[in-house]
Structures are given as structure tokens and as C-alpha cells.
>>> print(open('work.pdb').read())   # PDB, C-alpha atoms, pLDDT in the B column
ATOM      1  CA  MET A 221      30.632 -33.963 -43.949  1.00 45.00           C
ATOM      2  CA  ASN A 222      27.662 -34.583 -41.664  1.00 60.00           C
ATOM      3  CA  ALA A 223      26.955 -32.079 -38.909  1.00 59.00           C
ATOM      4  CA  PRO A 224      27.600 -33.367 -35.369  1.00 61.00           C
ATOM      5  CA  VAL A 225      24.627 -34.183 -33.156  1.00 59.00           C
ATOM      6  CA  PRO A 226      24.144 -31.292 -30.668  1.00 70.00           C
ATOM      7  CA  HIS A 227      25.047 -32.007 -27.052  1.00 80.00           C
ATOM      8  CA  PRO A 228      21.546 -31.009 -25.818  1.00 83.00           C
ATOM      9  CA  LEU A 229      20.139 -33.799 -27.997  1.00 81.00           C
ATOM     10  CA  ILE A 230      22.449 -36.337 -26.361  1.00 86.00           C
ATOM     11  CA  ILE A 231      21.490 -35.027 -22.923  1.00 85.00           C
ATOM     12  CA  ALA A 232      17.790 -35.293 -23.766  1.00 88.00           C
ATOM     13  CA  ALA A 233      18.283 -38.843 -25.028  1.00 86.00           C
ATOM     14  CA  ALA A 234      20.181 -39.808 -21.867  1.00 87.00           C
ATOM     15  CA  GLN A 235      17.434 -38.353 -19.691  1.00 87.00           C
ATOM     16  CA  ALA A 236      14.807 -40.242 -21.680  1.00 88.00           C
ATOM     17  CA  ALA A 237      16.786 -43.480 -21.318  1.00 87.00           C
ATOM     18  CA  GLY A 238      16.825 -43.116 -17.544  1.00 89.00           C
ATOM     19  CA  PRO A 239      19.551 -44.186 -15.108  1.00 89.00           C
ATOM     20  CA  CYS A 240      22.187 -46.642 -16.278  1.00 87.00           C
ATOM     21  CA  THR A 241      22.000 -49.954 -14.416  1.00 86.00           C
ATOM     22  CA  PRO A 242      25.473 -51.120 -13.278  1.00 86.00           C
ATOM     23  CA  GLY A 243      26.701 -53.884 -15.526  1.00 86.00           C
ATOM     24  CA  LEU A 244      24.399 -52.887 -18.402  1.00 89.00           C
ATOM     25  CA  GLU A 245      26.395 -49.911 -19.650  1.00 85.00           C
ATOM     26  CA  ALA A 246      26.631 -51.177 -23.241  1.00 91.00           C
ATOM     27  CA  ALA A 247      22.858 -51.632 -23.522  1.00 91.00           C
ATOM     28  CA  TRP A 248      22.284 -48.208 -21.976  1.00 90.00           C
ATOM     29  CA  HIS A 249      24.636 -46.474 -24.443  1.00 90.00           C
ATOM     30  CA  SER A 250      22.913 -48.276 -27.316  1.00 91.00           C
ATOM     31  CA  ARG A 251      19.556 -47.046 -26.022  1.00 88.00           C
ATOM     32  CA  VAL A 252      20.839 -43.462 -25.802  1.00 90.00           C
ATOM     33  CA  ARG A 253      22.209 -43.606 -29.360  1.00 88.00           C
ATOM     34  CA  GLY A 254      18.900 -44.890 -30.684  1.00 89.00           C
ATOM     35  CA  LEU A 255      16.895 -42.201 -28.873  1.00 89.00           C
ATOM     36  CA  ALA A 256      19.292 -39.474 -30.044  1.00 88.00           C
ATOM     37  CA  ILE A 257      18.838 -40.569 -33.663  1.00 86.00           C
ATOM     38  CA  ASP A 258      15.040 -40.624 -33.281  1.00 86.00           C
ATOM     39  CA  LEU A 259      15.046 -37.169 -31.691  1.00 86.00           C
ATOM     40  CA  HIS A 260      17.302 -35.799 -34.421  1.00 85.00           C
ATOM     41  CA  LEU A 261      15.014 -37.145 -37.154  1.00 83.00           C
ATOM     42  CA  ASP A 262      11.995 -35.719 -35.351  1.00 81.00           C
ATOM     43  CA  ALA A 263      13.724 -32.329 -35.161  1.00 82.00           C
ATOM     44  CA  VAL A 264      14.435 -32.379 -38.905  1.00 80.00           C
ATOM     45  CA  GLN A 265      10.797 -33.199 -39.653  1.00 78.00           C
ATOM     46  CA  VAL A 266       9.482 -30.521 -37.296  1.00 79.00           C
ATOM     47  CA  ALA A 267      11.805 -27.922 -38.865  1.00 82.00           C
ATOM     48  CA  ALA A 268      10.462 -28.798 -42.323  1.00 80.00           C
ATOM     49  CA  GLU A 269       6.853 -28.569 -41.129  1.00 79.00           C
ATOM     50  CA  LEU A 270       7.500 -25.208 -39.454  1.00 80.00           C
ATOM     51  CA  ALA A 271       9.025 -23.848 -42.654  1.00 79.00           C
ATOM     52  CA  ARG A 272       5.959 -24.988 -44.577  1.00 78.00           C
ATOM     53  CA  ILE A 273       3.571 -23.360 -42.102  1.00 75.00           C
ATOM     54  CA  GLN A 274       5.562 -20.122 -42.119  1.00 75.00           C
ATOM     55  CA  GLY A 275       5.459 -20.155 -45.908  1.00 73.00           C
ATOM     56  CA  ALA A 276       1.650 -20.456 -45.890  1.00 74.00           C
ATOM     57  CA  LYS A 277       0.934 -16.732 -45.891  1.00 71.00           C
ATOM     58  CA  ASP A 278      -2.785 -17.169 -46.530  1.00 75.00           C
ATOM     59  CA  ARG A 279      -5.095 -17.947 -43.627  1.00 79.00           C
ATOM     60  CA  VAL A 280      -8.819 -18.536 -43.290  1.00 83.00           C
ATOM     61  CA  ARG A 281     -10.835 -18.222 -40.093  1.00 85.00           C
ATOM     62  CA  GLY A 282     -14.101 -20.003 -39.650  1.00 87.00           C
ATOM     63  CA  ILE A 283     -16.077 -22.740 -37.983  1.00 89.00           C
ATOM     64  CA  LEU A 284     -14.871 -26.264 -38.709  1.00 93.00           C
ATOM     65  CA  VAL A 285     -18.106 -27.984 -39.664  1.00 91.00           C
ATOM     66  CA  LYS A 286     -17.105 -31.337 -41.171  1.00 92.00           C
ATOM     67  CA  VAL A 287     -14.176 -33.707 -41.701  1.00 94.00           C
ATOM     68  CA  GLY A 288     -14.172 -36.509 -44.254  1.00 93.00           C
ATOM     69  CA  VAL A 289     -11.917 -38.580 -46.494  1.00 94.00           C
ATOM     70  CA  GLU A 290     -11.473 -38.304 -50.251  1.00 91.00           C
ATOM     71  CA  GLU A 291     -11.237 -41.983 -51.126  1.00 90.00           C
ATOM     72  CA  SER A 292      -9.710 -41.448 -54.571  1.00 88.00           C
ATOM     73  CA  SER A 293      -6.637 -39.703 -53.143  1.00 89.00           C
ATOM     74  CA  ASN A 294      -6.697 -40.893 -49.508  1.00 93.00           C
ATOM     75  CA  ARG A 295      -6.659 -37.300 -48.285  1.00 93.00           C
ATOM     76  CA  GLY A 296      -8.647 -35.726 -45.499  1.00 94.00           C
ATOM     77  CA  ILE A 297     -11.267 -33.160 -46.523  1.00 94.00           C
ATOM     78  CA  ILE A 298     -11.825 -30.328 -44.046  1.00 94.00           C
ATOM     79  CA  THR A 299     -14.903 -28.139 -44.468  1.00 94.00           C
ATOM     80  CA  ILE A 300     -14.865 -24.653 -42.970  1.00 91.00           C
ATOM     81  CA  LYS A 301     -17.729 -22.142 -42.693  1.00 88.00           C
ATOM     82  CA  ALA A 302     -15.524 -19.122 -43.306  1.00 84.00           C
ATOM     83  CA  LEU A 303     -16.566 -16.082 -41.298  1.00 79.00           C
ATOM     84  CA  GLY A 304     -18.551 -13.732 -43.490  1.00 72.00           C
ATOM     85  CA  ARG A 305     -18.517 -16.182 -46.395  1.00 75.00           C
ATOM     86  CA  GLY A 306     -19.790 -19.607 -47.344  1.00 77.00           C
ATOM     87  CA  GLU A 307     -18.269 -23.026 -46.896  1.00 84.00           C
ATOM     88  CA  GLU A 308     -14.751 -23.738 -48.130  1.00 89.00           C
ATOM     89  CA  GLN A 309     -13.015 -27.087 -48.402  1.00 90.00           C
ATOM     90  CA  PHE A 310      -9.361 -27.913 -47.823  1.00 92.00           C
ATOM     91  CA  ARG A 311      -7.443 -31.103 -48.445  1.00 92.00           C
ATOM     92  CA  THR A 312      -4.787 -32.531 -46.168  1.00 92.00           C
ATOM     93  CA  ASP A 313      -1.652 -34.386 -47.234  1.00 90.00           C
ATOM     94  CA  ARG A 314      -2.254 -38.043 -47.979  1.00 91.00           C
ATOM     95  CA  LEU A 315      -3.339 -39.936 -44.874  1.00 92.00           C
ATOM     96  CA  GLU A 316      -0.547 -42.496 -45.127  1.00 93.00           C
ATOM     97  CA  ASN A 317       1.838 -39.616 -44.371  1.00 88.00           C
ATOM     98  CA  ASP A 318       2.392 -38.484 -40.785  1.00 85.00           C
ATOM     99  CA  SER A 319       1.564 -34.861 -41.657  1.00 87.00           C
ATOM    100  CA  GLY A 320      -1.748 -35.783 -43.292  1.00 90.00           C
ATOM    101  CA  GLN A 321      -2.788 -38.174 -40.520  1.00 92.00           C
ATOM    102  CA  HIS A 322      -1.899 -35.686 -37.782  1.00 92.00           C
ATOM    103  CA  LEU A 323      -3.851 -32.840 -39.398  1.00 92.00           C
ATOM    104  CA  TYR A 324      -6.820 -35.119 -40.081  1.00 94.00           C
ATOM    105  CA  GLN A 325      -6.961 -36.233 -36.438  1.00 94.00           C
ATOM    106  CA  THR A 326      -6.575 -32.647 -35.223  1.00 94.00           C
ATOM    107  CA  ALA A 327      -9.447 -31.531 -37.441  1.00 94.00           C
ATOM    108  CA  GLN A 328     -11.684 -34.274 -36.059  1.00 94.00           C
ATOM    109  CA  ARG A 329     -11.127 -32.936 -32.531  1.00 93.00           C
ATOM    110  CA  LEU A 330     -11.953 -29.375 -33.592  1.00 93.00           C
ATOM    111  CA  VAL A 331     -15.295 -29.945 -35.313  1.00 92.00           C
ATOM    112  CA  GLY A 332     -17.727 -27.249 -34.176  1.00 89.00           C
ATOM    113  CA  ARG A 333     -14.993 -24.852 -33.033  1.00 91.00           C
ATOM    114  CA  LEU A 334     -13.598 -21.671 -34.476  1.00 89.00           C
ATOM    115  CA  VAL A 335     -10.269 -22.310 -36.181  1.00 91.00           C
ATOM    116  CA  ARG A 336      -7.550 -20.585 -38.171  1.00 89.00           C
ATOM    117  CA  VAL A 337      -6.472 -22.545 -41.245  1.00 91.00           C
ATOM    118  CA  TYR A 338      -2.994 -22.046 -42.670  1.00 89.00           C
ATOM    119  CA  LYS A 339      -3.338 -22.929 -46.324  1.00 87.00           C
ATOM    120  CA  GLU A 340      -1.362 -23.207 -49.522  1.00 82.00           C
ATOM    121  CA  LEU A 341      -2.301 -23.918 -53.112  1.00 78.00           C
ATOM    122  CA  ASP A 342      -1.283 -27.187 -54.711  1.00 78.00           C
ATOM    123  CA  THR A 343      -1.262 -27.864 -58.445  1.00 68.00           C
ATOM    124  CA  THR A 344      -2.887 -31.168 -59.332  1.00 65.00           C
ATOM    125  CA  LYS A 345      -1.575 -33.375 -62.106  1.00 60.00           C
ATOM    126  CA  THR A 346      -3.801 -33.483 -65.163  1.00 57.00           C
ATOM    127  CA  ALA A 347      -3.662 -35.188 -68.530  1.00 59.00           C
ATOM    128  CA  PRO A 348      -1.753 -33.427 -71.325  1.00 64.00           C
ATOM    129  CA  GLY A 349      -3.771 -30.619 -72.817  1.00 64.00           C
ATOM    130  CA  GLN A 350      -6.118 -30.304 -69.857  1.00 64.00           C
ATOM    131  CA  ARG A 351      -6.444 -27.246 -67.664  1.00 67.00           C
ATOM    132  CA  THR A 352      -4.226 -27.249 -64.597  1.00 66.00           C
ATOM    133  CA  ASN A 353      -6.205 -27.312 -61.368  1.00 72.00           C
ATOM    134  CA  ARG A 354      -5.142 -25.687 -58.137  1.00 75.00           C
ATOM    135  CA  VAL A 355      -6.611 -26.934 -54.882  1.00 80.00           C
ATOM    136  CA  ARG A 356      -6.555 -25.563 -51.340  1.00 85.00           C
ATOM    137  CA  MET A 357      -4.315 -27.512 -48.994  1.00 88.00           C
ATOM    138  CA  ALA A 358      -4.533 -27.115 -45.227  1.00 90.00           C
ATOM    139  CA  VAL A 359      -1.083 -27.296 -43.636  1.00 90.00           C
ATOM    140  CA  HIS A 360      -1.959 -26.338 -40.051  1.00 91.00           C
ATOM    141  CA  LEU A 361      -4.963 -25.667 -37.809  1.00 91.00           C
ATOM    142  CA  VAL A 362      -5.140 -23.409 -34.753  1.00 88.00           C
ATOM    143  CA  ASP A 363      -7.995 -23.704 -32.253  1.00 90.00           C
ATOM    144  CA  LEU A 364      -9.456 -20.229 -31.638  1.00 85.00           C
ATOM    145  CA  GLY A 365     -12.072 -21.372 -29.133  1.00 83.00           C
ATOM    146  CA  PRO A 366     -15.859 -21.785 -29.090  1.00 82.00           C
ATOM    147  CA  ALA A 367     -17.704 -20.828 -32.257  1.00 79.00           C
ATOM    148  CA  ASP A 368     -20.414 -18.842 -30.487  1.00 74.00           C
ATOM    149  CA  GLY A 369     -18.355 -16.251 -28.655  1.00 77.00           C
ATOM    150  CA  ALA A 370     -16.235 -13.211 -29.391  1.00 81.00           C
ATOM    151  CA  ILE A 371     -13.209 -12.859 -31.636  1.00 84.00           C
ATOM    152  CA  SER A 372     -10.042 -11.372 -30.192  1.00 84.00           C
ATOM    153  CA  GLU A 373      -9.218  -7.867 -31.367  1.00 86.00           C
ATOM    154  CA  THR A 374      -5.974  -9.022 -33.003  1.00 86.00           C
ATOM    155  CA  GLU A 375      -7.680 -11.833 -34.931  1.00 84.00           C
ATOM    156  CA  ALA A 376     -10.588  -9.622 -35.975  1.00 87.00           C
ATOM    157  CA  LYS A 377      -8.371  -6.835 -37.305  1.00 87.00           C
ATOM    158  CA  GLU A 378      -6.137  -9.277 -39.159  1.00 85.00           C
ATOM    159  CA  MET A 379      -9.208 -10.815 -40.787  1.00 84.00           C
ATOM    160  CA  VAL A 380     -10.480  -7.448 -42.010  1.00 87.00           C
ATOM    161  CA  VAL A 381      -7.036  -6.478 -43.339  1.00 86.00           C
ATOM    162  CA  HIS A 382      -6.785  -9.805 -45.158  1.00 80.00           C
ATOM    163  CA  ALA A 383     -10.296  -9.410 -46.601  1.00 82.00           C
ATOM    164  CA  VAL A 384      -9.342  -6.111 -48.277  1.00 84.00           C
ATOM    165  CA  GLY A 385      -6.107  -7.418 -49.729  1.00 80.00           C
ATOM    166  CA  GLY A 386      -3.784  -6.009 -47.083  1.00 82.00           C
ATOM    167  CA  ASP A 387      -4.872  -2.376 -47.471  1.00 86.00           C
ATOM    168  CA  LYS A 388      -4.750  -1.176 -43.855  1.00 88.00           C
ATOM    169  CA  ASP A 389      -6.345   2.209 -44.597  1.00 89.00           C
ATOM    170  CA  ARG A 390      -9.299   0.544 -46.299  1.00 90.00           C
ATOM    171  CA  ALA A 391      -9.500  -1.992 -43.479  1.00 89.00           C
ATOM    172  CA  ALA A 392      -9.741   0.846 -40.952  1.00 89.00           C
ATOM    173  CA  SER A 393     -12.525   2.420 -43.025  1.00 89.00           C
ATOM    174  CA  VAL A 394     -14.425  -0.883 -43.191  1.00 88.00           C
ATOM    175  CA  TRP A 395     -13.955  -1.319 -39.446  1.00 90.00           C
ATOM    176  CA  ARG A 396     -15.416   2.111 -38.674  1.00 88.00           C
ATOM    177  CA  ALA A 397     -18.280   1.748 -41.169  1.00 88.00           C
ATOM    178  CA  ALA A 398     -19.291  -1.557 -39.585  1.00 86.00           C
ATOM    179  CA  GLY A 399     -19.327   0.022 -36.135  1.00 88.00           C
ATOM    180  CA  LEU A 400     -16.838  -2.477 -34.724  1.00 88.00           C
ATOM    181  CA  PRO A 401     -15.514  -1.606 -31.262  1.00 87.00           C
ATOM    182  CA  ASP A 402     -12.424   0.581 -30.961  1.00 85.00           C
ATOM    183  CA  SER A 403     -10.783  -1.919 -28.632  1.00 84.00           C
ATOM    184  CA  GLY A 404     -11.402  -5.242 -26.996  1.00 85.00           C
ATOM    185  CA  SER A 405     -12.921  -8.411 -28.425  1.00 85.00           C
ATOM    186  CA  VAL A 406     -15.437  -8.288 -31.280  1.00 86.00           C
ATOM    187  CA  PRO A 407     -18.775 -10.145 -31.257  1.00 86.00           C
ATOM    188  CA  GLN A 408     -18.639 -12.898 -33.835  1.00 83.00           C
ATOM    189  CA  GLU A 409     -21.973 -11.999 -35.444  1.00 83.00           C
ATOM    190  CA  GLN A 410     -20.946  -8.362 -35.825  1.00 85.00           C
ATOM    191  CA  LEU A 411     -17.637  -9.325 -37.429  1.00 87.00           C
ATOM    192  CA  GLU A 412     -19.357 -11.752 -39.799  1.00 84.00           C
ATOM    193  CA  ALA A 413     -21.743  -9.005 -40.893  1.00 85.00           C
ATOM    194  CA  ALA A 414     -18.793  -6.727 -41.657  1.00 86.00           C
ATOM    195  CA  LEU A 415     -16.974  -9.405 -43.654  1.00 86.00           C
ATOM    196  CA  ALA A 416     -20.081 -10.546 -45.538  1.00 82.00           C
ATOM    197  CA  GLY A 417     -20.104  -7.382 -47.647  1.00 72.00           C
ATOM    198  CA  LEU A 418     -16.515  -7.875 -48.793  1.00 76.00           C
ATOM    199  CA  PRO A 419     -15.327 -10.085 -51.663  1.00 68.00           C
ATOM    200  CA  SER A 420     -13.400 -13.210 -50.815  1.00 61.00           C
ATOM    201  CA  PRO A 421      -9.680 -12.371 -50.934  1.00 55.00           C
ATOM    202  CA  ASP A 422      -8.966 -15.612 -52.796  1.00 54.00           C
ATOM    203  CA  GLU A 423     -11.855 -15.804 -55.257  1.00 48.00           C
ATOM    204  CA  SER A 424      -9.382 -16.270 -58.082  1.00 41.00           C
ATOM    205  CA  ASP A 425      -7.126 -18.871 -56.498  1.00 46.00           C
ATOM    206  CA  GLY A 426      -8.277 -21.582 -58.844  1.00 41.00           C
ATOM    207  CA  GLN A 427     -10.995 -23.277 -56.790  1.00 42.00           C
TER     208      GLN A 427
END
>>> encode(input="work.pdb", output="C-alpha cells")
Amino acid sequence: MNAPVPHPLIIAAAQAAGPCTPGLEAAWHSRVRGLAIDLHLDAVQVAAELARIQGAKDRVRGILVKVGVEESSNRGIITIKALGRGEEQFRTDRLENDSGQHLYQTAQRLVGRLVRVYKELDTTKTAPGQRTNRVRMAVHLVDLGPADGAISETEAKEMVVHAVGGDKDRAASVWRAAGLPDSGSVPQEQLEAALAGLPSPDESDGQ
């Protein structure tokens, strides 16, 4: 049995439809029904996208330097200068999909800015007997601001913890050894210098 449409969704649809003109009640109710269905479908899609983002435990911070298209697969290609490391590339979903198109357009707006990339690994199809390839897929981007400023304390500490595989004691040791400030924002150059001496946390992720 299908779940009933929540009353708040009906209210939102009615508000979006606007006042009902006397004599046109049937058309107005039809409009409300159509909007309610659209809103419900949007909610389902958003819930699925949120679950995917929440499941992307791995994150990369860096400067978004380039956005292109992989013609063979019709996917966006996002190039990041990861802080403390070299360039890394991430694919989007296919551009004929809403998720791929939205992420591609978002990336275009964020070129030159510091971003956080939520990523997952996708297994590509290969011919029988060939080695399975895993590629980095970007599922969400967060704008962290200008690429020439300071990194927030929370972001900086999370980056160091991630770089040492989640070992908070080692992260604290790396933090102290690099002379990073005890509190407050961290200069980007100083954080990059600290991260540069650490191995990439995902060197073995198949790409």
C-alpha cells in the first residue's frame, strides 16, 4: 500500500498554486495535485542524494582548478589541486542525469575557489579477464571560500586527521610539529606545508 502524501506537502503545493479564482476550482485543484506530485518526487530524489552524500565518508579539500567533459562517457571531469598534494581528478555522474549536470554546473562556478569534495569509488566495467578499475566519483561539492586565505580550524584539523588515517593522537603530533596555531584559523600555506610531508590517505584506492 502506498504511503499517503503528507499534509505539509499539500499545503506547500496549495501555496505555490496561489489563490483559487472563483469558478475555477476544478482547475485549481488539478494544479495543486500536480504540484504536490512534483514536490513529492523531488523530495524522494533529494533524500536519495542526501543518503549518497552521507555515505561518501571520504573527502578531499583543495583548489578547484579545471572542469571539463569526458566525451567517451559524457561525464564531467573535475580537477582539484589537493592541499599538500598534487592534482586529483574526479568524475561526475553522466551529464544527461540531473545529478551529473547539477554537479558539473556547480563545479564551473567554483573554479579557482577552495572546495571540499565528497567522493566515492566506482568500479568501471571492463572486458572479461581484464583488471577491474576503480575511479573517483565526486558526489557533492562545498564552497570553502577564496583559495588564498585561511582555513577554518575545524576544516584544518579534520584534514590532518584524515591525512593520518584517522589517528587523532598522531594528528595532534603532526599539528604540533608543524607549528600550527593552537586555535583560530590556519594560514593555507602553513597547512599545505604540514600536509605535504604526509602520504596521501587514498594512494591505494585504485587510481
>>> resolve_selection(input="work.pdb", expression="the PyMOL selection byres ((chain A and resi 417) around 10)", output="PyMOL selection string")
chain A and resi 304-305+394+398+412-416+418-420
>>> closest_residue(input="work.pdb", among="A:Arg329, A:Pro407, A:Asn317, A:Asp262", to="Leu229 (chain A)", atoms="all atoms listed in the file")
A:Asp262
>>> closest_residue(input="work.pdb", among="A:Val280, A:Ile273, A:Leu364, A:Val252", to="Cys240 (chain A)", atoms="only C-alpha atoms")
A:Val252
>>> closest_residue(input="work.pdb", among="A:Asp313, A:Asp363, A:Glu269, A:Glu375", to="Ile297 (chain A)", atoms="only C-alpha atoms")
A:Asp313
>>> atom_distance(input="work.pdb", atom1="CA of Arg279 (chain A)", atom2="CA of Ala367 (chain A)")
17.2 Å
>>> closest_residue(input="work.pdb", among="A:Trp395, A:Tyr324, A:Trp248, A:Tyr338", to="Val362 (chain A)", atoms="all atoms listed in the file")
A:Tyr338
>>> atom_distance(input="work.pdb", atom1="CA of Ala268 (chain A)", atom2="CA of Gly365 (chain A)")
27.1 Å
>>> resolve_selection(input="work.pdb", expression="the PyMOL selection byres ((chain A and resi 283) around 7)", output="mmCIF file with C-alpha atoms, in the coordinates of the input")
data_model
loop_
_atom_site.group_PDB
_atom_site.id
_atom_site.type_symbol
_atom_site.label_atom_id
_atom_site.label_comp_id
_atom_site.auth_asym_id
_atom_site.auth_seq_id
_atom_site.Cartn_x
_atom_site.Cartn_y
_atom_site.Cartn_z
ATOM 1 C CA GLY A 282 -14.101 -20.003 -39.650
ATOM 2 C CA LEU A 284 -14.871 -26.264 -38.709
ATOM 3 C CA VAL A 285 -18.106 -27.984 -39.664
ATOM 4 C CA ILE A 300 -14.865 -24.653 -42.970
ATOM 5 C CA LYS A 301 -17.729 -22.142 -42.693
ATOM 6 C CA ALA A 302 -15.524 -19.122 -43.306
ATOM 7 C CA GLY A 332 -17.727 -27.249 -34.176
ATOM 8 C CA ARG A 333 -14.993 -24.852 -33.033
ATOM 9 C CA LEU A 334 -13.598 -21.671 -34.476
ATOM 10 C CA VAL A 335 -10.269 -22.310 -36.181
ATOM 11 C CA ALA A 367 -17.704 -20.828 -32.257
#
>>> residues_around(input="work.pdb", residues="Ser292 (chain A)", least_positions_apart="4", cutoff="12 Å", atoms="only C-alpha atoms", output="PyMOL selection string")
chain A and resi 296-297+314-315
>>> decode(input="work.pdb", residues="region 349-370 of chain A", atoms="C-alpha atoms", output="PDB file, in the first residue's frame")
ATOM      1  CA  GLY A 349      39.796 -11.164 -17.881  1.00  0.00           C
ATOM      2  CA  GLN A 350      40.858  -7.538 -17.576  1.00  0.00           C
ATOM      3  CA  ARG A 351      41.746  -5.804 -14.341  1.00  0.00           C
ATOM      4  CA  THR A 352      38.863  -4.033 -12.645  1.00  0.00           C
ATOM      5  CA  ASN A 353      39.359  -0.283 -12.464  1.00  0.00           C
ATOM      6  CA  ARG A 354      38.103   1.943  -9.694  1.00  0.00           C
ATOM      7  CA  VAL A 355      37.639   5.636 -10.370  1.00  0.00           C
ATOM      8  CA  ARG A 356      36.992   8.609  -8.095  1.00  0.00           C
ATOM      9  CA  MET A 357      33.464   9.957  -8.328  1.00  0.00           C
ATOM     10  CA  ALA A 358      32.529  13.366  -6.947  1.00  0.00           C
ATOM     11  CA  VAL A 359      29.055  13.304  -5.400  1.00  0.00           C
ATOM     12  CA  HIS A 360      28.978  16.770  -3.813  1.00  0.00           C
ATOM     13  CA  LEU A 361      30.988  19.999  -3.641  1.00  0.00           C
ATOM     14  CA  VAL A 362      31.099  22.534  -0.806  1.00  0.00           C
ATOM     15  CA  ASP A 363      32.465  26.043  -1.360  1.00  0.00           C
ATOM     16  CA  LEU A 364      35.018  26.815   1.374  1.00  0.00           C
ATOM     17  CA  GLY A 365      35.805  30.326   0.158  1.00  0.00           C
ATOM     18  CA  PRO A 366      38.730  32.063  -1.557  1.00  0.00           C
ATOM     19  CA  ALA A 367      41.768  29.928  -2.302  1.00  0.00           C
ATOM     20  CA  ASP A 368      44.288  32.452  -0.997  1.00  0.00           C
ATOM     21  CA  GLY A 369      43.123  32.880   2.576  1.00  0.00           C
ATOM     22  CA  ALA A 370      42.990  30.937   5.814  1.00  0.00           C
TER      23      ALA A 370
END
